[in-house]
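> Dropping a structure here in structure tokens format, bear with me for questions.
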Amino acid sequence: MQPRAEMVHWLFAAGILFIGMCLLCEAIVGREVWQMRPWRKYLWPGVAFGLGVCLWPVMAFFTNSAVHMYAHGSWAEVLMLAGGAELGLVHGRLKSRWWRLTWPLAFVVTGLAFIIHEQNPWFFARSAFLHHLLGWTFLLAAVIPLGLVWRPRSPVLQACFALTIVLVAIQLFSDRDVAPVFGHLSPLAGTPHR
Amino acid sequence: MNSTYASQATERSRFARPQVVSLLGPVVSAAGVVWAILQPYRVTLLHPRGQGFWWLVIEPPLLVVVVGIVFSVVVARPLLADLEEHRATSR
């Protein structure tokens with residue numbers, strides 16, 4: 001009755017896509033308009049925090065190996081930390097801009113976890129390729145939330161942050177458990193099921 | 001002369017914002033529909049016989065369509081009203 005790993009990726013991709021669209025809208029209309037309704041300012045930080053909470057059952061039930069458990073656990077922790085810090089900032093409970101450093105931290109930890117826990121080479125199968133790609137996307141894109149620490153109202157940085165999140169969602173939607181990538185599929189990966 | 005161009009560009013971008021916000025959800029939903037057309041085998045509802053529960057519930061192109069619809073209804077619609085109100089008060 002347990003869903004396949006690829007299905008869990010797709011579900012998370014849906015949530016991440018929603019966050020990316022909210023961020024993009026915030027970048028377009030500006031923070032002042034975005035926060036005109038109280039519920040809206042908690043929307044994407046709340047969804048991010050919720051995704052972090054949902055990563056705990058993923059850690060518990062998709063334990064292919066110890067390194068998978070550590071990777072999912074570390075994602076859960078940093079996503080909850082970054083989402084929670086953002087909730088505190090928009091609520092006004094947290095004042096220091098340094099709390100925004102939780103986002104670059106989350107990106108770096110997520111990127112490293114993606115790269116370290118994928119033990120197959122890039123062209124082993126599509127899932128391996130996407131794990132490497134996601135890892136490097138997060139690592140390189142960590143400079144964007146880092147820039148937002150100093151320039152939180154920059155529309156360009158906000159839009160770049162939003163588009164990075166949308167890109168991550170697209171990569172997660174492309175994931176399959178066993179499928180070729182650019183015509184490459186290792187015979188050790190198994191038989192494609194669809 | 002330059003300041004005129006700058007103010008016109010600012011005014012244009014201000015008027016383009018509602019269009020972009022209102023199009024975002026439909027564009028994402030349309031992307032899901034196009035994906036379903038290009039890869040119909042990803043939509044198990046089209047051939048549901050013998051499929052398990054999760055294959056029938058989680059279908060990536062439909063998830064994209066649903067995200068677009070939810071975003072349009074829950075986020076974009078009230079945001080457009082607020083954007084209009086903000087523009088009216090700042091005039």
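Chains: A, B, ... in order of the structure tokens. Residues: from 1 per chain. Ligands: from 1, in order shown.
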Could you write out as a PyMOL selection string the residues of chain B within 7 Å of chain A, counting only C-alpha atoms?

chain B and resi 17+21+54+58+60+63-64+67+82-83+86

> For stretch 44-56 of chain A, please output as number ranges by chain all residues within 10 Å (counting only C-alpha atoms; exclusion window: fewer than 2 positions along the same chain).

A: 8, 11-12, 15-16, 18-23, 39-42, 58-62, 69, 72-90

> Fewer than 6 positions away in the same chain doesn't count, so skip those; otherwise give me all residues within 10 Å of B:Trp35, counting only C-alpha atoms, as a PyMOL selection string.

chain B and resi 29+42-43+60-62+64-65

> Using only C-alpha atoms, which residues sit within 10 Å of A:Thr137 once same-chain residues fewer than 5 positions away are excluded, as an NGL selection string?

:A and (107-108 or 110-111 or 130-132 or 142 or 164-165 or 167-168 or 171)

> Based on the selection just made, write N, CA and C atoms of those residues as a PDB file, in the first residue's frame.


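And here's result_3.pdb as it stands now:
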ATOM      1  N   PHE A 107      19.412  25.354   1.495  1.00  0.00           N
ATOM      2  CA  PHE A 107      19.816  25.032   0.124  1.00  0.00           C
ATOM      3  C   PHE A 107      21.119  24.225   0.124  1.00  0.00           C
ATOM      4  N   VAL A 108      22.088  24.664   0.922  1.00  0.00           N
ATOM      5  CA  VAL A 108      23.390  23.977   0.929  1.00  0.00           C
ATOM      6  C   VAL A 108      23.241  22.559   1.502  1.00  0.00           C
ATOM      7  N   THR A 110      20.532  20.738   1.637  1.00  0.00           N
ATOM      8  CA  THR A 110      19.740  19.935   0.693  1.00  0.00           C
ATOM      9  C   THR A 110      20.599  19.500  -0.492  1.00  0.00           C
ATOM     10  N   GLY A 111      21.367  20.445  -1.037  1.00  0.00           N
ATOM     11  CA  GLY A 111      22.217  20.120  -2.185  1.00  0.00           C
ATOM     12  C   GLY A 111      23.236  19.057  -1.837  1.00  0.00           C
ATOM     13  N   LEU A 130      18.808  13.085 -12.007  1.00  0.00           N
ATOM     14  CA  LEU A 130      18.071  14.188 -11.394  1.00  0.00           C
ATOM     15  C   LEU A 130      18.558  14.460  -9.970  1.00  0.00           C
ATOM     16  N   HIS A 131      18.982  13.407  -9.266  1.00  0.00           N
ATOM     17  CA  HIS A 131      19.524  13.650  -7.919  1.00  0.00           C
ATOM     18  C   HIS A 131      20.782  14.516  -8.002  1.00  0.00           C
ATOM     19  N   HIS A 132      21.671  14.181  -8.956  1.00  0.00           N
ATOM     20  CA  HIS A 132      22.879  15.010  -9.128  1.00  0.00           C
ATOM     21  C   HIS A 132      22.499  16.439  -9.538  1.00  0.00           C
ATOM     22  N   ALA A 142      22.200  28.570  -3.987  1.00  0.00           N
ATOM     23  CA  ALA A 142      22.219  29.043  -2.590  1.00  0.00           C
ATOM     24  C   ALA A 142      22.649  30.508  -2.503  1.00  0.00           C
ATOM     25  N   THR A 164      13.937  29.515  -9.211  1.00  0.00           N
ATOM     26  CA  THR A 164      14.736  28.364  -8.762  1.00  0.00           C
ATOM     27  C   THR A 164      13.831  27.300  -8.146  1.00  0.00           C
ATOM     28  N   ILE A 165      12.874  27.759  -7.332  1.00  0.00           N
ATOM     29  CA  ILE A 165      11.946  26.823  -6.681  1.00  0.00           C
ATOM     30  C   ILE A 165      11.088  26.116  -7.749  1.00  0.00           C
ATOM     31  N   LEU A 167      11.980  25.589 -10.825  1.00  0.00           N
ATOM     32  CA  LEU A 167      12.899  24.676 -11.521  1.00  0.00           C
ATOM     33  C   LEU A 167      13.061  23.369 -10.727  1.00  0.00           C
ATOM     34  N   VAL A 168      13.163  23.492  -9.416  1.00  0.00           N
ATOM     35  CA  VAL A 168      13.274  22.304  -8.560  1.00  0.00           C
ATOM     36  C   VAL A 168      12.013  21.445  -8.709  1.00  0.00           C
ATOM     37  N   GLN A 171      12.117  19.567 -11.961  1.00  0.00           N
ATOM     38  CA  GLN A 171      13.060  18.441 -11.884  1.00  0.00           C
ATOM     39  C   GLN A 171      12.440  17.277 -11.103  1.00  0.00           C
TER      40      GLN A 171
END

> Within 8 Å of B:Gly68, counting only C-alpha atoms, which residues qualify if same-chain residues fewer than 3 places away don't, as a PyMOL selection string?

chain B and resi 24-29+64-65+71-72

> So that I can see what lies close to A:Arg126, please list as a list in words the residues with an atom at most 10 Å from it, counting only C-alpha atoms and leaving out residues fewer than 3 positions away in the same chain.

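Using only C-alpha atoms, the neighbours found are Trp122, Phe123, Phe129, Leu130, His131, His132, Ser174, Asp175, Arg176, Asp177, Val178, Ala179, Pro180, Val181, Phe182, Gly183, His184, Leu185, Ser186 and Ala189 of chain A.
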
> Those same residues - C-alpha atoms - I'd like them written as a compact mmCIF listing (two decimals), in the first residue's frame.


# COMPACT_ATOMS: atom_id res chain seq x y z
CA TRP A 122 24.94 10.75 -13.52
CA PHE A 123 23.86 8.54 -16.43
CA PHE A 129 20.77 12.10 -13.05
CA LEU A 130 18.07 14.19 -11.39
CA HIS A 131 19.52 13.65 -7.92
CA HIS A 132 22.88 15.01 -9.13
CA SER A 174 10.61 14.58 -14.16
CA ASP A 175 11.77 11.94 -11.72
CA ARG A 176 11.07 8.24 -12.36
CA ASP A 177 12.23 5.25 -10.35
CA VAL A 178 13.61 3.39 -13.36
CA ALA A 179 13.74 5.27 -16.66
CA PRO A 180 16.42 6.24 -19.18
CA VAL A 181 18.02 9.65 -19.27
CA PHE A 182 19.06 10.91 -22.72
CA GLY A 183 18.97 7.28 -23.91
CA HIS A 184 21.17 5.98 -21.08
CA LEU A 185 19.94 3.35 -18.64
CA SER A 186 22.26 1.02 -16.80
CA ALA A 189 19.03 -0.16 -12.68

> Looking only at the backbone, which of the residues in stretch 32-93 of chain A does DSSP tag as helix (DSSP H, G or I), as a short mmCIF file (atom, residue, chain, number, x, y, z; two decimals) with C-alpha atoms, in the first residue's frame?


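Final output, selection.cif:
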data_model
loop_
_atom_site.label_atom_id
_atom_site.label_comp_id
_atom_site.auth_asym_id
_atom_site.auth_seq_id
_atom_site.Cartn_x
_atom_site.Cartn_y
_atom_site.Cartn_z
CA GLU A 32 3.27 45.42 0.53
CA VAL A 33 0.41 44.16 -1.65
CA TRP A 34 1.20 40.49 -0.94
CA PRO A 38 -2.93 38.44 6.94
CA TRP A 39 -3.38 34.81 5.87
CA ARG A 40 -1.40 35.31 2.69
CA LYS A 41 1.83 36.30 4.38
CA LEU A 43 0.94 30.97 3.09
CA TRP A 44 4.21 29.94 1.47
CA PRO A 45 6.28 29.84 4.69
CA GLY A 46 3.52 27.66 6.18
CA VAL A 47 3.51 25.31 3.18
CA ALA A 48 7.32 25.12 3.35
CA PHE A 49 7.15 24.27 7.05
CA GLY A 50 4.41 21.69 6.32
CA LEU A 51 6.55 20.07 3.61
CA GLY A 52 9.34 19.83 6.18
CA VAL A 53 6.97 18.05 8.59
CA CYS A 54 5.85 15.70 5.78
CA LEU A 55 9.48 14.74 5.15
CA TRP A 56 9.60 12.95 8.52
CA PRO A 57 7.26 10.13 7.44
CA VAL A 58 9.26 9.94 4.20
CA MET A 59 12.38 9.48 6.32
CA ALA A 60 10.65 6.78 8.37
CA PHE A 61 9.03 4.79 5.57
CA ALA A 66 21.12 4.73 6.37
CA VAL A 67 22.32 7.49 4.05
CA HIS A 68 18.75 7.89 2.69
CA MET A 69 17.49 8.24 6.26
CA TYR A 70 20.07 10.91 7.06
CA ALA A 71 19.34 12.78 3.82
CA HIS A 72 15.56 12.85 4.32
CA GLY A 73 15.99 13.68 8.01
CA SER A 74 18.34 16.59 7.28
CA TRP A 75 15.91 17.95 4.63
CA ALA A 76 13.08 17.76 7.12
CA GLU A 77 15.11 19.65 9.71
CA VAL A 78 16.39 22.46 7.47
CA LEU A 79 13.03 22.93 5.70
CA MET A 80 11.22 23.18 9.03
CA LEU A 81 13.90 25.56 10.30
CA ALA A 82 13.75 27.82 7.22
CA GLY A 83 9.93 27.71 7.00
CA GLY A 84 9.61 28.32 10.74
CA ALA A 85 12.08 31.22 10.65
CA GLU A 86 10.18 32.78 7.74
CA LEU A 87 6.91 32.39 9.68
CA GLY A 88 8.52 34.14 12.64
CA LEU A 89 9.83 36.94 10.43
CA VAL A 90 6.52 37.64 8.66
CA HIS A 91 4.68 37.49 11.99
#

> Between atom CA of A:Trp103 and atom CA of A:Leu146, what is the distance in Å, rounded to a tenth?

7.5 Å

> So, with only C-alpha atoms as the atoms that count, which of B:Val57, B:Val73, B:Ala81, B:Ser90 lies closest to B:Pro18?

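Counting only C-alpha atoms, the residue closest to B:Pro18 is B:Ala81.
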
> Hey, what's within 8 Å of stretch 149-156 of chain A if we count only C-alpha atoms and toss same-chain stuff fewer than 2 positions away? As a list in words, please?

Ala27, Ile28, Gly30, Arg31, Arg97, Trp98, Arg100, Leu101, Pro145, Leu146, Gly147, Gln158, Ala159 and Cys160 of chain A

> I need the residues from that last selection saved to file as a PDB file, in the first residue's frame (with N, CA and C atoms), if you can.


ATOM      1  N   ALA A  27       6.976  38.488  -5.786  1.00  0.00           N
ATOM      2  CA  ALA A  27       7.996  39.296  -6.462  1.00  0.00           C
ATOM      3  C   ALA A  27       7.358  40.268  -7.448  1.00  0.00           C
ATOM      4  N   ILE A  28       6.259  39.842  -8.083  1.00  0.00           N
ATOM      5  CA  ILE A  28       5.615  40.690  -9.092  1.00  0.00           C
ATOM      6  C   ILE A  28       4.841  41.839  -8.447  1.00  0.00           C
ATOM      7  N   GLY A  30       4.912  42.815  -5.213  1.00  0.00           N
ATOM      8  CA  GLY A  30       5.591  43.508  -4.107  1.00  0.00           C
ATOM      9  C   GLY A  30       5.073  43.016  -2.758  1.00  0.00           C
ATOM     10  N   ARG A  31       5.942  43.139  -1.771  1.00  0.00           N
ATOM     11  CA  ARG A  31       5.600  42.595  -0.447  1.00  0.00           C
ATOM     12  C   ARG A  31       4.423  43.331   0.197  1.00  0.00           C
ATOM     13  N   ARG A  97      17.511  40.126  10.593  1.00  0.00           N
ATOM     14  CA  ARG A  97      17.541  39.656   9.196  1.00  0.00           C
ATOM     15  C   ARG A  97      18.396  38.408   9.054  1.00  0.00           C
ATOM     16  N   TRP A  98      19.237  38.140  10.061  1.00  0.00           N
ATOM     17  CA  TRP A  98      20.123  36.966   9.974  1.00  0.00           C
ATOM     18  C   TRP A  98      19.344  35.657   9.984  1.00  0.00           C
ATOM     19  N   ARG A 100      17.188  35.007   7.977  1.00  0.00           N
ATOM     20  CA  ARG A 100      17.047  34.634   6.562  1.00  0.00           C
ATOM     21  C   ARG A 100      18.205  33.758   6.095  1.00  0.00           C
ATOM     22  N   LEU A 101      19.252  33.677   6.880  1.00  0.00           N
ATOM     23  CA  LEU A 101      20.362  32.770   6.535  1.00  0.00           C
ATOM     24  C   LEU A 101      19.930  31.310   6.583  1.00  0.00           C
ATOM     25  N   PRO A 145      19.251  33.024  -2.153  1.00  0.00           N
ATOM     26  CA  PRO A 145      18.739  33.389  -0.815  1.00  0.00           C
ATOM     27  C   PRO A 145      19.794  34.077   0.048  1.00  0.00           C
ATOM     28  N   LEU A 146      21.065  33.793  -0.233  1.00  0.00           N
ATOM     29  CA  LEU A 146      22.130  34.507   0.500  1.00  0.00           C
ATOM     30  C   LEU A 146      22.076  36.001   0.170  1.00  0.00           C
ATOM     31  N   GLY A 147      21.878  36.323  -1.106  1.00  0.00           N
ATOM     32  CA  GLY A 147      21.745  37.723  -1.507  1.00  0.00           C
ATOM     33  C   GLY A 147      20.506  38.368  -0.901  1.00  0.00           C
ATOM     34  N   GLN A 158      14.197  38.183  -5.717  1.00  0.00           N
ATOM     35  CA  GLN A 158      12.964  37.460  -5.356  1.00  0.00           C
ATOM     36  C   GLN A 158      12.477  36.609  -6.521  1.00  0.00           C
ATOM     37  N   ALA A 159      12.529  37.191  -7.736  1.00  0.00           N
ATOM     38  CA  ALA A 159      12.081  36.443  -8.921  1.00  0.00           C
ATOM     39  C   ALA A 159      13.013  35.259  -9.192  1.00  0.00           C
ATOM     40  N   CYS A 160      14.331  35.476  -9.018  1.00  0.00           N
ATOM     41  CA  CYS A 160      15.293  34.387  -9.219  1.00  0.00           C
ATOM     42  C   CYS A 160      15.046  33.269  -8.213  1.00  0.00           C
TER      43      CYS A 160
END

> As an exercise, work out the distance from atom CA of A:Leu139 to atom CA of A:Val109 in Å and give it to one decimal place.

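Here the two named atoms are 8.3 Å from each other.
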